[in-house]
>>> print(open('run_38.cif').read())   # mmCIF, C-alpha atoms and all ligand atoms
data_run
loop_
_atom_site.label_atom_id
_atom_site.label_comp_id
_atom_site.auth_asym_id
_atom_site.auth_seq_id
_atom_site.Cartn_x
_atom_site.Cartn_y
_atom_site.Cartn_z
CA VAL G 113 59.82 -60.52 8.33
CA ALA G 114 58.34 -63.83 7.40
CA GLU G 115 58.17 -65.77 4.18
CA THR G 116 54.46 -64.96 4.23
CA ASP G 117 55.04 -61.20 4.23
CA ALA G 118 52.84 -59.13 1.97
CA SER G 119 55.49 -58.40 -0.60
CA ALA G 120 53.74 -58.11 -3.94
CA SER G 121 55.47 -55.54 -6.08
CA ASP G 122 53.18 -52.91 -7.54
CA GLU G 123 53.45 -49.39 -8.88
CA ASN G 124 54.45 -48.27 -5.37
CA GLY G 125 57.67 -50.27 -5.52
CA ARG G 126 58.51 -53.44 -3.63
CA GLY G 127 55.35 -53.52 -1.58
CA GLN G 128 57.27 -52.24 1.43
CA THR G 129 54.31 -50.22 2.61
CA VAL G 130 51.71 -52.95 2.18
CA ALA G 131 50.20 -53.38 5.64
CA ASP G 132 49.61 -56.86 6.98
CA HIS G 133 48.74 -56.74 10.66
CA SER G 134 48.09 -60.46 10.66
CA VAL G 135 51.76 -61.37 10.13
CA SER G 136 52.83 -63.43 13.12
CA LEU G 137 56.24 -62.74 14.56
CA ASP G 138 56.07 -65.76 16.85
CA GLY G 139 59.36 -67.67 16.80
CA ARG G 140 61.20 -65.03 14.77
CA VAL G 141 64.60 -63.79 15.93
CA ALA G 142 65.36 -60.11 16.50
CA VAL G 143 68.68 -58.48 17.27
CA ILE G 144 68.42 -55.10 18.99
CA THR G 145 71.38 -52.82 19.68
CA GLY G 146 71.07 -50.27 22.46
CA ALA G 147 68.65 -52.60 24.20
CA SER G 148 69.57 -52.20 27.87
CA THR G 149 67.44 -49.08 28.47
CA GLY G 150 64.94 -46.79 26.81
CA ILE G 151 63.41 -47.47 23.41
CA GLY G 152 65.52 -50.58 22.72
CA ARG G 153 64.56 -52.18 26.02
CA ALA G 154 60.87 -51.35 25.54
CA CYS G 155 60.97 -52.73 22.01
CA ALA G 156 62.56 -55.95 23.30
CA SER G 157 59.73 -56.29 25.77
CA VAL G 158 57.01 -55.71 23.14
CA LEU G 159 58.63 -58.15 20.68
CA ALA G 160 59.01 -60.76 23.44
CA ARG G 161 55.27 -60.44 24.10
CA GLU G 162 54.75 -61.37 20.41
CA GLY G 163 56.88 -64.51 20.81
CA VAL G 164 60.03 -63.10 19.20
CA ARG G 165 63.35 -64.57 20.38
CA LEU G 166 65.85 -61.87 21.18
CA VAL G 167 69.53 -61.07 21.04
CA LEU G 168 70.17 -57.81 22.88
CA ALA G 169 73.28 -55.65 22.86
CA ALA G 170 74.68 -52.65 24.71
CA ARG G 171 78.10 -51.69 26.03
CA ARG G 172 77.53 -51.95 29.79
CA ALA G 173 77.13 -55.64 30.58
CA ASP G 174 75.62 -55.16 34.05
CA ARG G 175 72.68 -53.09 32.83
CA LEU G 176 72.21 -55.31 29.81
CA GLN G 177 72.11 -58.43 31.98
CA SER G 178 69.55 -56.86 34.28
CA THR G 179 67.30 -56.20 31.25
CA VAL G 180 67.87 -59.76 30.02
CA ALA G 181 67.03 -61.14 33.49
CA ASP G 182 63.75 -59.18 33.61
CA LEU G 183 62.74 -60.48 30.19
CA VAL G 184 63.70 -64.06 31.02
CA ALA G 185 61.61 -63.79 34.20
CA SER G 186 58.64 -62.82 32.05
CA GLY G 187 59.11 -65.94 29.92
CA ALA G 188 61.11 -64.53 26.98
CA GLU G 189 63.84 -66.38 25.12
CA VAL G 190 66.64 -63.85 25.19
CA VAL G 191 70.41 -63.54 25.33
CA GLY G 192 72.53 -60.47 25.96
CA VAL G 193 75.83 -59.73 24.24
CA ALA G 194 77.98 -56.86 25.48
CA ALA G 195 79.00 -54.98 22.35
CA ASP G 196 80.12 -51.51 21.33
CA VAL G 197 78.58 -50.74 17.94
CA ALA G 198 81.42 -48.32 17.25
CA ASN G 199 83.67 -51.39 16.99
CA TYR G 200 83.02 -53.58 13.93
CA GLU G 201 84.52 -56.68 15.58
CA ASP G 202 81.96 -56.40 18.40
CA VAL G 203 79.09 -56.16 15.92
CA ARG G 204 80.45 -59.09 13.95
CA ALA G 205 80.65 -61.09 17.19
CA LEU G 206 77.05 -60.09 17.92
CA ALA G 207 75.94 -61.53 14.57
CA ASP G 208 77.92 -64.71 15.27
CA ALA G 209 76.30 -65.00 18.71
CA ALA G 210 72.82 -64.62 17.21
CA MET G 211 73.49 -67.35 14.64
CA GLN G 212 75.06 -69.67 17.23
CA THR G 213 72.16 -69.20 19.65
CA PHE G 214 69.13 -69.20 17.35
CA GLY G 215 70.48 -70.19 13.92
CA ARG G 216 68.81 -67.30 12.10
CA VAL G 217 68.05 -63.57 12.26
CA ASP G 218 64.79 -62.00 11.03
CA VAL G 219 64.76 -58.47 12.46
CA VAL G 220 67.84 -56.31 12.93
CA PHE G 221 67.12 -53.15 14.87
CA LEU G 222 70.14 -50.81 14.89
CA ASN G 223 68.95 -48.59 17.68
CA ALA G 224 72.04 -47.80 19.78
CA GLY G 225 72.75 -44.10 19.90
CA ILE G 226 74.26 -41.37 22.01
CA ALA G 227 73.22 -37.76 22.41
CA GLY G 228 75.67 -34.89 22.36
CA GLY G 229 75.57 -31.63 20.50
CA PRO G 230 78.80 -29.75 20.97
CA SER G 231 79.09 -26.15 19.94
CA LEU G 232 80.85 -25.44 16.67
CA LEU G 233 82.25 -22.23 18.08
CA ASP G 234 84.81 -24.11 20.17
CA ALA G 235 84.60 -27.39 18.25
CA ASP G 236 85.28 -30.34 20.54
CA LEU G 237 86.46 -32.90 18.00
CA ASP G 238 86.34 -35.80 20.49
CA ALA G 239 82.60 -35.32 20.88
CA TRP G 240 82.18 -35.29 17.08
CA HIS G 241 84.22 -38.47 16.75
CA ALA G 242 82.08 -40.13 19.43
CA SER G 243 78.89 -39.17 17.62
CA VAL G 244 80.12 -40.40 14.26
CA ASN G 245 81.60 -43.61 15.69
CA THR G 246 78.45 -44.73 17.51
CA ASN G 247 75.61 -43.19 15.53
CA VAL G 248 76.99 -43.38 11.98
CA PHE G 249 79.54 -46.22 12.00
CA GLY G 250 77.28 -48.13 14.41
CA ILE G 251 74.70 -48.33 11.63
CA LEU G 252 77.26 -49.13 8.95
CA HIS G 253 78.78 -51.90 11.10
CA GLY G 254 75.30 -53.34 11.61
CA ILE G 255 74.60 -53.33 7.88
CA LYS G 256 77.96 -54.92 7.11
CA ALA G 257 77.57 -57.68 9.71
CA PHE G 258 73.88 -58.50 9.28
CA LEU G 259 72.88 -57.74 5.70
CA PRO G 260 74.72 -60.76 4.24
CA LEU G 261 72.84 -62.98 6.73
CA LEU G 262 69.46 -61.55 5.77
CA ARG G 263 70.31 -61.95 2.10
CA THR G 264 71.46 -65.57 2.33
CA GLN G 265 68.43 -66.45 4.45
CA GLY G 266 66.12 -65.66 1.52
CA ASP G 267 66.36 -61.90 1.13
CA HIS G 268 63.54 -61.05 3.49
CA GLY G 269 63.39 -59.84 7.09
CA SER G 270 63.68 -56.30 8.42
CA LEU G 271 66.63 -54.00 8.91
CA LEU G 272 65.78 -50.89 10.91
CA ALA G 273 67.76 -47.97 12.27
CA THR G 274 66.68 -45.41 14.85
CA SER G 275 67.26 -41.93 13.50
CA SER G 276 65.52 -38.86 14.92
CA ALA G 277 63.28 -36.01 13.86
CA THR G 278 66.32 -33.94 14.85
CA GLY G 279 68.11 -35.12 11.75
CA VAL G 280 65.15 -35.06 9.40
CA TYR G 281 62.73 -32.17 9.92
CA GLY G 282 64.45 -28.82 9.66
CA THR G 283 67.82 -28.61 11.42
CA SER G 284 68.28 -28.82 15.17
CA TYR G 285 71.33 -26.58 15.11
CA LYS G 286 72.02 -26.51 18.84
CA THR G 287 72.74 -30.25 18.87
CA ALA G 288 74.93 -30.14 15.78
CA ALA G 289 76.84 -33.44 16.10
CA TYR G 290 73.71 -35.39 17.01
CA SER G 291 71.64 -33.82 14.20
CA MET G 292 74.39 -34.47 11.67
CA SER G 293 74.67 -38.12 12.72
CA LYS G 294 70.90 -38.65 12.63
CA ASN G 295 70.71 -37.02 9.19
CA ALA G 296 73.53 -39.29 8.01
CA GLN G 297 71.62 -42.33 9.30
CA LEU G 298 68.58 -41.36 7.26
CA THR G 299 70.71 -40.96 4.13
CA ILE G 300 72.35 -44.34 4.71
CA MET G 301 69.00 -46.06 5.14
CA GLU G 302 67.46 -44.32 2.11
CA ALA G 303 70.45 -45.43 0.04
CA LEU G 304 70.19 -48.96 1.42
CA TYR G 305 66.50 -49.04 0.50
CA GLY G 306 67.32 -47.97 -3.07
CA GLN G 307 70.24 -50.34 -3.49
CA LEU G 308 68.28 -53.34 -2.19
CA ARG G 309 65.34 -52.39 -4.41
CA ASP G 310 67.66 -52.30 -7.44
CA ALA G 311 69.08 -55.69 -6.43
CA GLY G 312 65.55 -57.17 -6.37
CA SER G 313 65.75 -57.84 -2.64
CA ASN G 314 62.65 -58.11 -0.48
CA ILE G 315 64.37 -57.01 2.72
CA HIS G 316 62.31 -54.41 4.57
CA VAL G 317 64.35 -51.28 5.34
CA GLY G 318 62.95 -48.87 7.92
CA VAL G 319 63.88 -45.71 9.78
CA VAL G 320 62.46 -45.21 13.25
CA LEU G 321 61.79 -41.58 14.18
CA PRO G 322 60.82 -41.54 17.84
CA PRO G 323 59.10 -38.51 19.31
CA LEU G 324 60.62 -36.99 22.46
CA THR G 325 60.76 -40.05 24.72
CA ARG G 326 61.53 -40.53 28.43
CA THR G 327 64.74 -42.58 28.22
CA ASN G 328 68.31 -42.47 29.52
CA LEU G 329 69.53 -40.64 26.40
CA VAL G 330 70.34 -37.44 28.27
CA GLY G 331 71.53 -39.14 31.46
CA ASP G 332 70.59 -41.85 33.90
CA ASP G 333 68.73 -39.54 36.26
CA LEU G 334 65.25 -39.74 34.76
CA GLU G 335 64.18 -36.90 37.05
CA VAL G 336 65.62 -34.57 34.39
CA TRP G 337 62.45 -35.26 32.43
CA SER G 338 60.26 -33.67 35.12
CA GLU G 339 61.89 -30.33 34.39
CA VAL G 340 61.55 -30.93 30.63
CA GLU G 341 57.87 -31.72 31.12
CA ARG G 342 57.34 -28.51 33.09
CA MET G 343 58.98 -26.55 30.25
CA LEU G 344 56.96 -28.33 27.57
CA ALA G 345 53.72 -27.74 29.48
CA ARG G 346 54.19 -24.01 28.98
CA SER G 347 53.96 -24.41 25.18
CA ARG G 348 50.54 -25.69 24.10
CA ARG G 349 51.64 -26.58 20.57
CA GLY G 350 55.11 -27.92 21.33
CA PRO G 351 56.15 -31.57 21.60
CA VAL G 352 55.16 -33.69 24.57
CA LEU G 353 57.02 -36.47 26.29
CA ILE G 354 56.13 -40.03 25.26
CA GLU G 355 56.93 -43.24 27.14
CA PRO G 356 59.28 -45.86 25.58
CA ASP G 357 56.63 -48.61 25.66
CA GLN G 358 54.30 -46.41 23.57
CA VAL G 359 57.06 -45.88 20.99
CA ALA G 360 57.75 -49.62 20.98
CA GLU G 361 54.16 -50.29 19.85
CA VAL G 362 54.68 -47.95 16.87
CA ILE G 363 57.88 -49.84 16.00
CA LEU G 364 56.08 -53.19 16.20
CA GLU G 365 53.44 -51.91 13.77
CA GLY G 366 56.18 -50.55 11.51
CA ILE G 367 57.79 -53.99 11.36
CA ARG G 368 54.46 -55.65 10.60
CA ASP G 369 53.55 -53.02 7.99
CA ARG G 370 57.05 -53.05 6.47
CA SER G 371 57.07 -49.24 6.61
CA PHE G 372 60.10 -47.20 5.66
CA TRP G 373 59.09 -44.23 7.86
CA ILE G 374 58.38 -45.64 11.29
CA GLU G 375 56.93 -42.82 13.33
CA ALA G 376 53.50 -42.26 14.80
CA THR G 377 50.84 -41.28 12.31
CA GLY G 378 47.94 -39.12 13.50
CA GLU G 379 45.89 -42.27 14.01
CA GLN G 380 48.68 -43.94 16.03
CA ASN G 381 49.11 -40.77 18.05
CA ASP G 382 45.43 -40.97 18.99
CA ARG G 383 45.43 -44.70 19.64
CA LEU G 384 48.86 -45.31 21.18
CA PHE G 385 49.79 -41.92 22.68
CA ARG G 386 46.23 -41.04 23.74
CA GLY G 387 46.39 -38.10 21.30
CA ARG G 388 49.05 -36.34 23.35
CA ASP G 389 51.33 -35.42 20.41
CA ALA G 390 48.54 -34.10 18.22
CA GLY G 391 50.61 -31.15 16.96
CA ALA G 392 53.42 -33.33 15.56
CA GLY G 393 52.10 -33.45 12.00
CA ARG G 394 51.74 -29.69 11.77
CA ARG G 395 55.24 -29.10 13.27
CA LYS G 396 56.75 -31.38 10.64
CA GLU G 397 54.84 -29.68 7.84
CA VAL G 398 56.06 -26.23 8.86
CA LEU G 399 59.72 -27.27 9.12
CA VAL G 400 59.77 -29.29 5.90
CA GLY G 401 57.94 -26.51 4.05
CA ALA G 402 60.32 -23.84 5.35
CA LYS G 403 63.39 -25.82 4.33
CA HIS G 404 61.91 -26.62 0.95
CA ASP G 405 61.19 -22.90 0.34
CA ALA G 406 64.64 -21.82 1.50
CA MET G 407 66.34 -24.35 -0.79
CA LEU G 408 64.24 -23.46 -3.81
CA HIS G 409 64.38 -19.71 -3.30
CA HIS G 410 67.86 -19.47 -1.77
CA THR G 411 66.74 -17.72 1.39
CA ASN G 412 68.53 -18.03 4.73
CA PRO G 413 67.91 -21.06 6.99
CA ASP G 414 66.36 -19.06 9.88
CA ARG G 415 62.82 -20.42 9.50
CA TYR G 416 63.78 -24.07 9.75
CA LEU G 417 66.50 -23.89 12.40
CA TRP G 418 65.26 -25.01 15.82
N1 LIG W 1 64.69 -40.46 23.63
C1 LIG W 1 64.36 -39.66 22.63
O1 LIG W 1 63.65 -38.64 22.79
C2 LIG W 1 64.83 -40.01 21.24
C3 LIG W 1 64.30 -39.25 20.16
C4 LIG W 1 64.75 -39.55 18.87
C5 LIG W 1 65.67 -40.57 18.67
N2 LIG W 1 66.16 -41.28 19.72
C6 LIG W 1 67.13 -42.37 19.44
O2 LIG W 1 66.66 -43.56 20.04
C7 LIG W 1 67.77 -44.47 20.18
C8 LIG W 1 67.69 -45.12 21.54
O3 LIG W 1 67.95 -44.14 22.53
P1 LIG W 1 67.08 -43.97 23.86
O4 LIG W 1 66.41 -42.66 23.77
O5 LIG W 1 66.31 -45.18 24.14
O6 LIG W 1 68.28 -43.75 24.92
P2 LIG W 1 68.93 -44.68 26.01
O7 LIG W 1 67.92 -45.05 27.06
O8 LIG W 1 70.14 -43.94 26.46
O9 LIG W 1 69.35 -45.98 25.24
C9 LIG W 1 70.53 -46.05 24.48
C10 LIG W 1 71.00 -47.48 24.42
O10 LIG W 1 72.11 -47.56 23.53
C11 LIG W 1 73.21 -48.16 24.21
N3 LIG W 1 74.42 -47.64 23.57
C12 LIG W 1 74.86 -46.36 23.52
N4 LIG W 1 76.01 -46.29 22.84
C13 LIG W 1 76.29 -47.56 22.43
C14 LIG W 1 77.36 -48.14 21.71
N5 LIG W 1 78.38 -47.42 21.24
N6 LIG W 1 77.33 -49.47 21.47
C15 LIG W 1 76.29 -50.23 21.93
N7 LIG W 1 75.27 -49.73 22.63
C16 LIG W 1 75.28 -48.41 22.88
C17 LIG W 1 72.99 -47.82 25.68
O11 LIG W 1 73.66 -48.69 26.58
P3 LIG W 1 75.24 -48.51 26.94
O12 LIG W 1 75.41 -47.04 27.23
O13 LIG W 1 75.46 -49.39 28.12
O14 LIG W 1 75.98 -48.96 25.74
C18 LIG W 1 71.49 -48.02 25.77
O15 LIG W 1 71.19 -49.38 25.83
C19 LIG W 1 69.03 -43.63 19.94
O16 LIG W 1 69.53 -43.90 18.64
C20 LIG W 1 68.51 -42.20 20.02
O17 LIG W 1 69.31 -41.33 19.27
C21 LIG W 1 65.75 -41.03 21.00
#
>>> encode(input="run_38.cif", output="structure tokens")
Amino acid sequence: VAETDASASDENGRGQTVADHSVSLDGRVAVITGASTGIGRACASVLAREGVRLVLAARRADRLQSTVADLVASGAEVVGVAADVANYEDVRALADAAMQTFGRVDVVFLNAGIAGGPSLLDADLDAWHASVNTNVFGILHGIKAFLPLLRTQGDHGSLLATSSATGVYGTSYKTAAYSMSKNAQLTIMEALYGQLRDAGSNIHVGVVLPPLTRTNLVGDDLEVWSEVERMLARSRRGPVLIEPDQVAEVILEGIRDRSFWIEATGEQNDRLFRGRDAGAGRRKEVLVGAKHDAMLHHTNPDRYLW
């Protein structure tokens, strides 16, 4: 993020996982897509608290401006740019706006995403196109528009994308388009990490994997989460619902630590989520292990489909 980042290369690679909690983000500039609600909005608020100047994007200008107004009222330096990440020209204009406003970009958080998991039995191609356009091309457009800026500014800074456990641990087969797009995002970011490493770059690449979080992702009526919570309460070992501001603290630490995998560790779960998602590590282990076994032994996917 800063020229002072802990970036010594060692046998672990480019030093991407070297933690340095003392790195100050004060005065840095972050661009966040999908910032009008949910995780993006909460992250904007947490970064503003750290003195980061912000350029926020989402499609619906009215909601975006209301988020910007709230942040300005709390003393943040922030501008909003209405942009559809599915459209490269919009993302390019977002990068131009960031440079015109603040003259630099240090953190690029490609967080915009849509849910949607159409059945494959009566494949609705429009829904698949929507998923690919926002969730996959949204990330690619962000990389294309912002990576050259990060590179010419000294090859440091952070470039993050929000994927999902849905696309990483096992296969969430009922939300096929969403899972596919989130899996594609992980692959893109892994490849970006490798390609920047090979190019000798010190840009921090990270993938945010939020737990189940109370946001507008499944609709603007947040009451829907009450029903989800009632369902989750019946399963003692299942996931729990986390608040966006808690996830934002994990993301802040991921930026400071220059982590590739930005998701709550057991320690962060205890400290930031009050231990509520204690079963997460075990759930991941079971799904990854089951997929690993099925791939190596050519057994059917049943044990890792969820
Ligand atoms: N909530 C969870 O449990 C969860 C779990 C894992 C991963 N995630 C991921 O977290 C990210 C943030 O989602 P959220 O949960 O915070 O949901 P959210 O509250 O619905 O936020 C999504 C944000 O993205 C914007 N957006 C959607 N499509 C866009 C587009 N094409 N161009 C620009 N902005 C767009 C939305 O505003 P407009 O609609 O006005 O554009 C909104 O600001 C997503 O990538 C999601 O897949 C969420």
>>> residues_near_ligand(input="run_38.cif", ligand="ligand LIG 1 (chain W)", cutoff="6 Å", atoms="all atoms listed in the file", output="PyMOL selection string")
chain G and resi 145-152+170-172+195-198+223-226+246+274-276+321-329
>>> closest_residue(input="run_38.cif", among="G:Gly269, G:Val191, G:His253, G:Ser338", to="G:Gln212", atoms="only C-alpha atoms")
G:Val191
>>> closest_atom_pairs(input="run_38.cif", of="stretch 175-247 of chain G", to="stretch 292-301 of chain G", cutoff="12 Å", atoms="only C-alpha atoms", output="CSV")
residue,atom,partner,partner_atom,distance
G:Leu222,CA,G:Gln297,CA,10.3
G:Asn223,CA,G:Gln297,CA,10.8
G:Ala224,CA,G:Lys294,CA,11.7
G:Gly225,CA,G:Lys294,CA,9.3
G:Ile226,CA,G:Ser293,CA,9.9
G:Ala227,CA,G:Ser293,CA,9.8
G:Gly228,CA,G:Ser293,CA,10.2
G:Gly229,CA,G:Met292,CA,9.4
G:Pro230,CA,G:Met292,CA,11.3
G:Ala239,CA,G:Ser293,CA,11.7
G:Trp240,CA,G:Ser293,CA,9.1
G:His241,CA,G:Ser293,CA,10.4
G:Ala242,CA,G:Ser293,CA,10.2
G:Ser243,CA,G:Ser293,CA,6.6
G:Val244,CA,G:Ser293,CA,6.1
G:Asn245,CA,G:Ser293,CA,9.3
G:Thr246,CA,G:Ser293,CA,9.0
G:Asn247,CA,G:Ser293,CA,5.9
>>> write_last_selection(input="run_38.cif", atoms="C-alpha atoms", output="mmCIF file, keeping the file's coordinate frame")
data_model
loop_
_atom_site.group_PDB
_atom_site.id
_atom_site.type_symbol
_atom_site.label_atom_id
_atom_site.label_comp_id
_atom_site.auth_asym_id
_atom_site.auth_seq_id
_atom_site.Cartn_x
_atom_site.Cartn_y
_atom_site.Cartn_z
ATOM 1 C CA LEU G 222 70.140 -50.810 14.890
ATOM 2 C CA ASN G 223 68.950 -48.590 17.680
ATOM 3 C CA ALA G 224 72.040 -47.800 19.780
ATOM 4 C CA GLY G 225 72.750 -44.100 19.900
ATOM 5 C CA ILE G 226 74.260 -41.370 22.010
ATOM 6 C CA ALA G 227 73.220 -37.760 22.410
ATOM 7 C CA GLY G 228 75.670 -34.890 22.360
ATOM 8 C CA GLY G 229 75.570 -31.630 20.500
ATOM 9 C CA PRO G 230 78.800 -29.750 20.970
ATOM 10 C CA ALA G 239 82.600 -35.320 20.880
ATOM 11 C CA TRP G 240 82.180 -35.290 17.080
ATOM 12 C CA HIS G 241 84.220 -38.470 16.750
ATOM 13 C CA ALA G 242 82.080 -40.130 19.430
ATOM 14 C CA SER G 243 78.890 -39.170 17.620
ATOM 15 C CA VAL G 244 80.120 -40.400 14.260
ATOM 16 C CA ASN G 245 81.600 -43.610 15.690
ATOM 17 C CA THR G 246 78.450 -44.730 17.510
ATOM 18 C CA ASN G 247 75.610 -43.190 15.530
#
>>> atom_distance(input="run_38.cif", atom1="atom CA of G:Ala345", atom2="atom CA of G:Val400")
24.4 Å
>>> atom_distance(input="run_38.cif", atom1="atom CA of G:Tyr305", atom2="atom CA of G:Ile251")
13.8 Å
>>> closest_residue(input="run_38.cif", among="G:Arg388, G:Arg370, G:Lys396, G:Arg348", to="G:Asn314", atoms="all atoms listed in the file")
G:Arg370
>>> atom_distance(input="run_38.cif", atom1="atom CA of G:Ser270", atom2="atom CA of G:Val180")
22.3 Å
>>> residues_around(input="run_38.cif", residues="G:Ala390", least_positions_apart="5", cutoff="10 Å", atoms="all atoms listed in the file", output="JSON, numbers by chain")
{"G": [349, 350, 351, 352, 377, 378, 379, 381, 382, 385, 395]}
>>> closest_residue(input="run_38.cif", among="G:Ile144, G:Ala156, G:Val219, G:Leu304", to="G:Thr179", atoms="only C-alpha atoms")
G:Ala156
>>> closest_residue(input="run_38.cif", among="G:Val248, G:Val280, G:Ile354, G:Ala207", to="G:Leu261", atoms="only C-alpha atoms")
G:Ala207
>>> residues_near_point(input="run_38.cif", point="(67.4, -55.8, 14.7)", cutoff="12 Å", atoms="only C-alpha atoms", output="PyMOL selection string")
chain G and resi 113+140-147+152+155-156+159+164-169+203+206-207+210+216-224+251+254-255+257-259+262+269-274+316-320+363-364+367
